[in-house]
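For reference, the structure discussed in these notes is given below.
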Amino acid sequence: MELGTRTSHDLVQSDKVEGTAVFGPDGERLGSVDHFMVDKVSGQVEYAVLAFGGLFGLGHKHYPLPWKTLSYDTEKGGYTVNVTKEQLEGAPSYESGDAPDYDKAYGDRVYSYYGLSYVY
């Protein structure tokens with residue numbers, strides 16, 4: 001693709017990302033993207049917040065995943081992450097309606113959990 005040339009397949013509306021399935025390395029569905037967090041200044045997506053756990057969509061927790069940990073898999077029609085269900089259960093998370101301050105300290109905690117460096 002030439003610089004400055006984009007197709008409609010390169011972009012996706014935010015409402016199309018929300019609800020998209022997220023799969024672990026074994027192909028098992030972990031949950032779905034509940035929402036994502038966008039940096040107000042750069043406009044870049046920082047986190048996909050995964051809805052995981054609970055039954056029938058109730059009682060799930062929110063797990064921020066650094067956006068760069070997700071890869072879109074066209075065959076699955078969803079995102080894949082190199083995180084197992086067991087790893088996810090120990091990851092930084094929060095209850096619905098109890099979102100943390102997405103500040104540097106929280107970013108460091110989330111990114112370091114996934115073996116990444118947080119650039120603030």
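Going by the structure tokens order, chains are called A, B, ..., each with residues numbered from 1, while ligands are numbered from 1 in the order shown.
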field: Shell of 12 Å around Leu116 (chain A), only C-alpha atoms, local chain residues under 3 positions omitted, as a ChimeraX atom specification
entry: /A:65-69,107-113,119
task: Just the strand (DSSP E) stuff from chain A, please, per backbone DSSP, written as a PyMOL selection string.
output: chain A and resi 21-23+29-38+45-52+61-66+71-73+78-80+94-95
Residue selection dump (N, CA, C and O atoms) as a short mmCIF file (atom, residue, chain, number, x, y, z; two decimals), in the first residue's frame:
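Once everything was written out, this is out_5.cif:
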data_model
loop_
_atom_site.label_atom_id
_atom_site.label_comp_id
_atom_site.auth_asym_id
_atom_site.auth_seq_id
_atom_site.Cartn_x
_atom_site.Cartn_y
_atom_site.Cartn_z
N ALA A 21 -15.08 -10.60 19.81
CA ALA A 21 -14.52 -11.68 20.62
C ALA A 21 -13.01 -11.55 20.74
O ALA A 21 -12.33 -11.06 19.83
N VAL A 22 -12.49 -12.00 21.88
CA VAL A 22 -11.05 -12.06 22.14
C VAL A 22 -10.72 -13.51 22.50
O VAL A 22 -11.37 -14.11 23.35
N PHE A 23 -9.71 -14.06 21.81
CA PHE A 23 -9.33 -15.45 21.96
C PHE A 23 -7.92 -15.55 22.53
O PHE A 23 -7.05 -14.75 22.22
N ARG A 29 -12.16 -18.84 23.50
CA ARG A 29 -12.70 -17.50 23.66
C ARG A 29 -12.57 -17.07 25.12
O ARG A 29 -13.04 -17.76 26.02
N LEU A 30 -11.92 -15.91 25.34
CA LEU A 30 -11.74 -15.40 26.69
C LEU A 30 -12.87 -14.46 27.10
O LEU A 30 -13.22 -14.37 28.26
N GLY A 31 -13.37 -13.72 26.17
CA GLY A 31 -14.40 -12.72 26.43
C GLY A 31 -14.57 -11.85 25.21
O GLY A 31 -14.33 -12.29 24.09
N SER A 32 -14.96 -10.59 25.43
CA SER A 32 -15.14 -9.68 24.31
C SER A 32 -14.70 -8.27 24.71
O SER A 32 -14.63 -7.94 25.90
N VAL A 33 -14.43 -7.47 23.71
CA VAL A 33 -14.05 -6.08 23.95
C VAL A 33 -15.29 -5.34 24.43
O VAL A 33 -16.29 -5.27 23.73
N ASP A 34 -15.23 -4.83 25.65
CA ASP A 34 -16.34 -4.06 26.21
C ASP A 34 -16.26 -2.62 25.71
O ASP A 34 -17.25 -2.05 25.27
N HIS A 35 -15.08 -2.05 25.79
CA HIS A 35 -14.84 -0.70 25.28
C HIS A 35 -13.33 -0.52 25.15
O HIS A 35 -12.57 -1.44 25.46
N PHE A 36 -12.91 0.59 24.68
CA PHE A 36 -11.48 0.86 24.63
C PHE A 36 -11.20 2.26 25.09
O PHE A 36 -12.08 3.12 25.14
N MET A 37 -9.95 2.48 25.47
CA MET A 37 -9.52 3.76 26.01
C MET A 37 -8.59 4.42 24.98
O MET A 37 -7.64 3.80 24.51
N VAL A 38 -8.91 5.67 24.65
CA VAL A 38 -8.18 6.42 23.64
C VAL A 38 -7.46 7.59 24.29
O VAL A 38 -8.04 8.31 25.11
N VAL A 45 -5.41 4.44 20.36
CA VAL A 45 -6.04 3.53 21.31
C VAL A 45 -4.95 3.00 22.23
O VAL A 45 -3.92 2.51 21.77
N GLU A 46 -5.18 3.11 23.53
CA GLU A 46 -4.21 2.66 24.52
C GLU A 46 -4.55 1.28 25.06
O GLU A 46 -3.68 0.44 25.25
N TYR A 47 -5.84 1.05 25.34
CA TYR A 47 -6.29 -0.21 25.90
C TYR A 47 -7.57 -0.70 25.22
O TYR A 47 -8.43 0.10 24.88
N ALA A 48 -7.68 -2.02 25.09
CA ALA A 48 -8.96 -2.65 24.83
C ALA A 48 -9.36 -3.22 26.18
O ALA A 48 -8.59 -3.93 26.82
N VAL A 49 -10.54 -2.88 26.65
CA VAL A 49 -10.99 -3.37 27.96
C VAL A 49 -11.86 -4.59 27.72
O VAL A 49 -12.93 -4.51 27.12
N LEU A 50 -11.34 -5.71 28.17
CA LEU A 50 -11.97 -7.01 27.96
C LEU A 50 -13.01 -7.28 29.05
O LEU A 50 -12.73 -7.11 30.23
N ALA A 51 -14.20 -7.69 28.65
CA ALA A 51 -15.20 -8.19 29.58
C ALA A 51 -14.97 -9.69 29.69
O ALA A 51 -15.02 -10.42 28.70
N PHE A 52 -14.68 -10.15 30.92
CA PHE A 52 -14.29 -11.55 31.13
C PHE A 52 -14.91 -12.05 32.42
O PHE A 52 -14.95 -11.34 33.43
N LYS A 61 -15.91 -9.00 34.96
CA LYS A 61 -14.98 -7.95 35.36
C LYS A 61 -14.37 -7.37 34.10
O LYS A 61 -14.47 -7.94 33.02
N HIS A 62 -13.74 -6.21 34.26
CA HIS A 62 -13.08 -5.53 33.15
C HIS A 62 -11.57 -5.66 33.29
O HIS A 62 -11.02 -5.38 34.36
N TYR A 63 -10.92 -6.07 32.21
CA TYR A 63 -9.49 -6.29 32.17
C TYR A 63 -8.87 -5.43 31.06
O TYR A 63 -9.05 -5.76 29.88
N PRO A 64 -8.18 -4.35 31.41
CA PRO A 64 -7.52 -3.55 30.37
C PRO A 64 -6.35 -4.32 29.76
O PRO A 64 -5.47 -4.81 30.48
N LEU A 65 -6.37 -4.44 28.47
CA LEU A 65 -5.27 -5.08 27.73
C LEU A 65 -4.60 -4.00 26.89
O LEU A 65 -5.29 -3.29 26.14
N PRO A 66 -3.28 -3.85 26.99
CA PRO A 66 -2.62 -2.89 26.10
C PRO A 66 -2.99 -3.22 24.65
O PRO A 66 -2.95 -4.38 24.24
N SER A 71 -4.07 -8.88 18.30
CA SER A 71 -3.91 -9.04 16.85
C SER A 71 -5.25 -9.47 16.29
O SER A 71 -5.89 -10.36 16.87
N TYR A 72 -5.65 -8.90 15.18
CA TYR A 72 -6.93 -9.29 14.60
C TYR A 72 -6.75 -10.53 13.75
O TYR A 72 -5.86 -10.61 12.90
N ASP A 73 -7.58 -11.52 13.97
CA ASP A 73 -7.55 -12.78 13.24
C ASP A 73 -8.79 -12.83 12.34
O ASP A 73 -9.91 -12.98 12.83
N GLY A 78 -12.17 -12.14 15.19
CA GLY A 78 -11.95 -11.54 16.50
C GLY A 78 -10.47 -11.32 16.75
O GLY A 78 -9.63 -11.59 15.89
N TYR A 79 -10.17 -10.84 17.94
CA TYR A 79 -8.80 -10.55 18.32
C TYR A 79 -8.20 -11.74 19.05
O TYR A 79 -8.89 -12.48 19.74
N THR A 80 -6.89 -11.92 18.91
CA THR A 80 -6.17 -12.93 19.66
C THR A 80 -5.16 -12.22 20.56
O THR A 80 -4.64 -11.15 20.21
N TYR A 94 -11.08 -4.59 37.18
CA TYR A 94 -11.99 -3.83 38.04
C TYR A 94 -13.42 -4.22 37.73
O TYR A 94 -13.73 -4.77 36.68
N GLU A 95 -14.28 -3.96 38.70
CA GLU A 95 -15.70 -4.24 38.57
C GLU A 95 -16.36 -3.15 37.71
O GLU A 95 -15.89 -2.02 37.65
#
So which residues touch Gly27 (chain A) within 10 Å, counting only C-alpha atoms, skipping near sequence neighbours fewer than 6 positions away, as a PDB file with all heavy atoms, in the first residue's frame?
ATOM      1  N   LYS A  76     -11.002 -16.033  12.612  1.00  0.00           N
ATOM      2  CA  LYS A  76     -11.825 -16.117  13.817  1.00  0.00           C
ATOM      3  C   LYS A  76     -12.851 -14.979  13.884  1.00  0.00           C
ATOM      4  O   LYS A  76     -13.823 -15.059  14.616  1.00  0.00           O
ATOM      5  CB  LYS A  76     -10.951 -16.064  15.072  1.00  0.00           C
ATOM      6  CG  LYS A  76     -10.180 -17.325  15.343  1.00  0.00           C
ATOM      7  CD  LYS A  76      -9.458 -17.227  16.676  1.00  0.00           C
ATOM      8  CE  LYS A  76      -8.795 -18.515  17.068  1.00  0.00           C
ATOM      9  NZ  LYS A  76      -7.622 -18.842  16.317  1.00  0.00           N
ATOM     10  N   THR A  80      -6.894 -11.915  18.908  1.00  0.00           N
ATOM     11  CA  THR A  80      -6.171 -12.929  19.664  1.00  0.00           C
ATOM     12  C   THR A  80      -5.163 -12.216  20.557  1.00  0.00           C
ATOM     13  O   THR A  80      -4.641 -11.153  20.214  1.00  0.00           O
ATOM     14  CB  THR A  80      -5.437 -13.934  18.749  1.00  0.00           C
ATOM     15  OG1 THR A  80      -4.518 -13.232  17.920  1.00  0.00           O
ATOM     16  CG2 THR A  80      -6.419 -14.714  17.893  1.00  0.00           C
ATOM     17  N   VAL A  81      -4.933 -12.802  21.721  1.00  0.00           N
ATOM     18  CA  VAL A  81      -3.921 -12.312  22.655  1.00  0.00           C
ATOM     19  C   VAL A  81      -3.114 -13.508  23.127  1.00  0.00           C
ATOM     20  O   VAL A  81      -3.609 -14.635  23.163  1.00  0.00           O
ATOM     21  CB  VAL A  81      -4.536 -11.586  23.879  1.00  0.00           C
ATOM     22  CG1 VAL A  81      -5.170 -10.280  23.483  1.00  0.00           C
ATOM     23  CG2 VAL A  81      -5.525 -12.461  24.614  1.00  0.00           C
ATOM     24  N   THR A  84      -3.288 -16.559  28.607  1.00  0.00           N
ATOM     25  CA  THR A  84      -4.194 -17.656  28.932  1.00  0.00           C
ATOM     26  C   THR A  84      -5.271 -17.179  29.905  1.00  0.00           C
ATOM     27  O   THR A  84      -5.138 -16.124  30.531  1.00  0.00           O
ATOM     28  CB  THR A  84      -3.429 -18.825  29.585  1.00  0.00           C
ATOM     29  OG1 THR A  84      -2.912 -18.388  30.850  1.00  0.00           O
ATOM     30  CG2 THR A  84      -2.307 -19.332  28.692  1.00  0.00           C
TER      31      THR A  84
END
- request: Point out the residue among A:Val41, A:Glu18, A:Tyr114, A:Glu28 with the least atom-to-atom distance to Gln87 (chain A), counting only C-alpha atoms.
  value: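 That would be A:Tyr114, the residue with the smallest distance to Gln87 (chain A).
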message: Here is a test: counting only C-alpha atoms, which residue of A:Tyr118, A:Tyr102, A:Lys40, A:Gly24 is nearest to Glu86 (chain A)?
response: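 Looking at the shortest contact to Glu86 (chain A), the residue is A:Gly24.
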message: Between A:Gly53, A:Tyr106, A:Glu75, A:Gly115, which residue has the minimum interatomic distance to Leu88 (chain A), considering only C-alpha atoms?
response: A:Gly53
Interatomic distance (Å, one decimal) between CA of Lys104 (chain A) and CA of Lys85 (chain A):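 Atom-to-atom, CA of Lys104 (chain A) to CA of Lys85 (chain A), that is 25.9 Å.
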task: Would you mind reading off the distance between CA of Asp15 (chain A) and CA of Ser42 (chain A), one decimal, in Å?
output: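 Those two atoms sit 20.0 Å apart.
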field: Residue set, chain A restricted to helix (DSSP H, G or I), as a PyMOL selection string
entry: chain A and resi 8-10+14-17+67-69+85-89+104-113
Those residues you just picked out, can you put them in a file as a PDB file, in the first residue's frame with N, CA and C atoms?
ATOM      1  N   SER A   8     -11.142   1.325   2.936  1.00  0.00           N
ATOM      2  CA  SER A   8     -12.095   1.249   4.040  1.00  0.00           C
ATOM      3  C   SER A   8     -11.823   0.050   4.931  1.00  0.00           C
ATOM      4  N   HIS A   9     -11.065  -0.933   4.443  1.00  0.00           N
ATOM      5  CA  HIS A   9     -10.745  -2.121   5.239  1.00  0.00           C
ATOM      6  C   HIS A   9      -9.667  -1.850   6.282  1.00  0.00           C
ATOM      7  N   ASP A  10      -8.973  -0.707   6.188  1.00  0.00           N
ATOM      8  CA  ASP A  10      -7.941  -0.349   7.152  1.00  0.00           C
ATOM      9  C   ASP A  10      -8.532   0.274   8.407  1.00  0.00           C
ATOM     10  N   SER A  14     -15.728   2.480  15.979  1.00  0.00           N
ATOM     11  CA  SER A  14     -15.575   2.029  17.366  1.00  0.00           C
ATOM     12  C   SER A  14     -16.692   1.073  17.784  1.00  0.00           C
ATOM     13  N   ASP A  15     -17.910   1.322  17.325  1.00  0.00           N
ATOM     14  CA  ASP A  15     -19.010   0.442  17.734  1.00  0.00           C
ATOM     15  C   ASP A  15     -18.893  -0.956  17.129  1.00  0.00           C
ATOM     16  N   LYS A  16     -18.057  -1.106  16.106  1.00  0.00           N
ATOM     17  CA  LYS A  16     -17.820  -2.430  15.516  1.00  0.00           C
ATOM     18  C   LYS A  16     -16.767  -3.202  16.314  1.00  0.00           C
ATOM     19  N   VAL A  17     -15.908  -2.497  17.050  1.00  0.00           N
ATOM     20  CA  VAL A  17     -14.887  -3.151  17.870  1.00  0.00           C
ATOM     21  C   VAL A  17     -15.508  -3.647  19.168  1.00  0.00           C
ATOM     22  N   TRP A  67      -3.391  -2.209  23.914  1.00  0.00           N
ATOM     23  CA  TRP A  67      -3.867  -2.410  22.545  1.00  0.00           C
ATOM     24  C   TRP A  67      -2.883  -3.204  21.710  1.00  0.00           C
ATOM     25  N   LYS A  68      -1.575  -2.968  21.943  1.00  0.00           N
ATOM     26  CA  LYS A  68      -0.576  -3.650  21.121  1.00  0.00           C
ATOM     27  C   LYS A  68      -0.466  -5.142  21.415  1.00  0.00           C
ATOM     28  N   THR A  69      -1.180  -5.648  22.438  1.00  0.00           N
ATOM     29  CA  THR A  69      -1.168  -7.092  22.706  1.00  0.00           C
ATOM     30  C   THR A  69      -2.184  -7.838  21.858  1.00  0.00           C
ATOM     31  N   LYS A  85      -6.300 -17.972  30.050  1.00  0.00           N
ATOM     32  CA  LYS A  85      -7.379 -17.660  30.987  1.00  0.00           C
ATOM     33  C   LYS A  85      -6.811 -17.543  32.414  1.00  0.00           C
ATOM     34  N   GLU A  86      -5.879 -18.421  32.759  1.00  0.00           N
ATOM     35  CA  GLU A  86      -5.279 -18.393  34.092  1.00  0.00           C
ATOM     36  C   GLU A  86      -4.471 -17.117  34.310  1.00  0.00           C
ATOM     37  N   GLN A  87      -3.725 -16.679  33.308  1.00  0.00           N
ATOM     38  CA  GLN A  87      -2.978 -15.423  33.423  1.00  0.00           C
ATOM     39  C   GLN A  87      -3.931 -14.245  33.544  1.00  0.00           C
ATOM     40  N   LEU A  88      -4.995 -14.282  32.793  1.00  0.00           N
ATOM     41  CA  LEU A  88      -5.968 -13.197  32.814  1.00  0.00           C
ATOM     42  C   LEU A  88      -6.623 -13.074  34.190  1.00  0.00           C
ATOM     43  N   GLU A  89      -6.887 -14.196  34.831  1.00  0.00           N
ATOM     44  CA  GLU A  89      -7.529 -14.166  36.142  1.00  0.00           C
ATOM     45  C   GLU A  89      -6.698 -13.429  37.178  1.00  0.00           C
ATOM     46  N   LYS A 104      -0.422   7.230  35.178  1.00  0.00           N
ATOM     47  CA  LYS A 104       0.857   6.584  34.912  1.00  0.00           C
ATOM     48  C   LYS A 104       1.061   5.349  35.786  1.00  0.00           C
ATOM     49  N   ALA A 105       0.733   5.445  37.065  1.00  0.00           N
ATOM     50  CA  ALA A 105       0.931   4.302  37.967  1.00  0.00           C
ATOM     51  C   ALA A 105       0.104   3.104  37.516  1.00  0.00           C
ATOM     52  N   TYR A 106      -1.137   3.352  37.124  1.00  0.00           N
ATOM     53  CA  TYR A 106      -1.982   2.249  36.662  1.00  0.00           C
ATOM     54  C   TYR A 106      -1.459   1.707  35.337  1.00  0.00           C
ATOM     55  N   GLY A 107      -1.057   2.595  34.444  1.00  0.00           N
ATOM     56  CA  GLY A 107      -0.489   2.162  33.170  1.00  0.00           C
ATOM     57  C   GLY A 107       0.741   1.296  33.370  1.00  0.00           C
ATOM     58  N   ASP A 108       1.618   1.711  34.300  1.00  0.00           N
ATOM     59  CA  ASP A 108       2.805   0.908  34.614  1.00  0.00           C
ATOM     60  C   ASP A 108       2.409  -0.473  35.112  1.00  0.00           C
ATOM     61  N   ARG A 109       1.407  -0.526  35.974  1.00  0.00           N
ATOM     62  CA  ARG A 109       0.953  -1.803  36.546  1.00  0.00           C
ATOM     63  C   ARG A 109       0.405  -2.729  35.454  1.00  0.00           C
ATOM     64  N   VAL A 110      -0.460  -2.187  34.598  1.00  0.00           N
ATOM     65  CA  VAL A 110      -1.059  -3.006  33.542  1.00  0.00           C
ATOM     66  C   VAL A 110      -0.002  -3.462  32.544  1.00  0.00           C
ATOM     67  N   TYR A 111       0.781  -2.524  32.034  1.00  0.00           N
ATOM     68  CA  TYR A 111       1.777  -2.866  31.022  1.00  0.00           C
ATOM     69  C   TYR A 111       2.815  -3.849  31.561  1.00  0.00           C
ATOM     70  N   SER A 112       3.286  -3.625  32.793  1.00  0.00           N
ATOM     71  CA  SER A 112       4.304  -4.532  33.341  1.00  0.00           C
ATOM     72  C   SER A 112       3.736  -5.933  33.550  1.00  0.00           C
ATOM     73  N   TYR A 113       2.450  -6.053  33.868  1.00  0.00           N
ATOM     74  CA  TYR A 113       1.840  -7.370  34.022  1.00  0.00           C
ATOM     75  C   TYR A 113       1.966  -8.167  32.720  1.00  0.00           C
TER      76      TYR A 113
END
- request: Could you check how far CA of Gln44 (chain A) sits from CA of Ser96 (chain A), in Å to one decimal?
  value: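 CA of Ser96 (chain A) lies 23.5 Å from CA of Gln44 (chain A).
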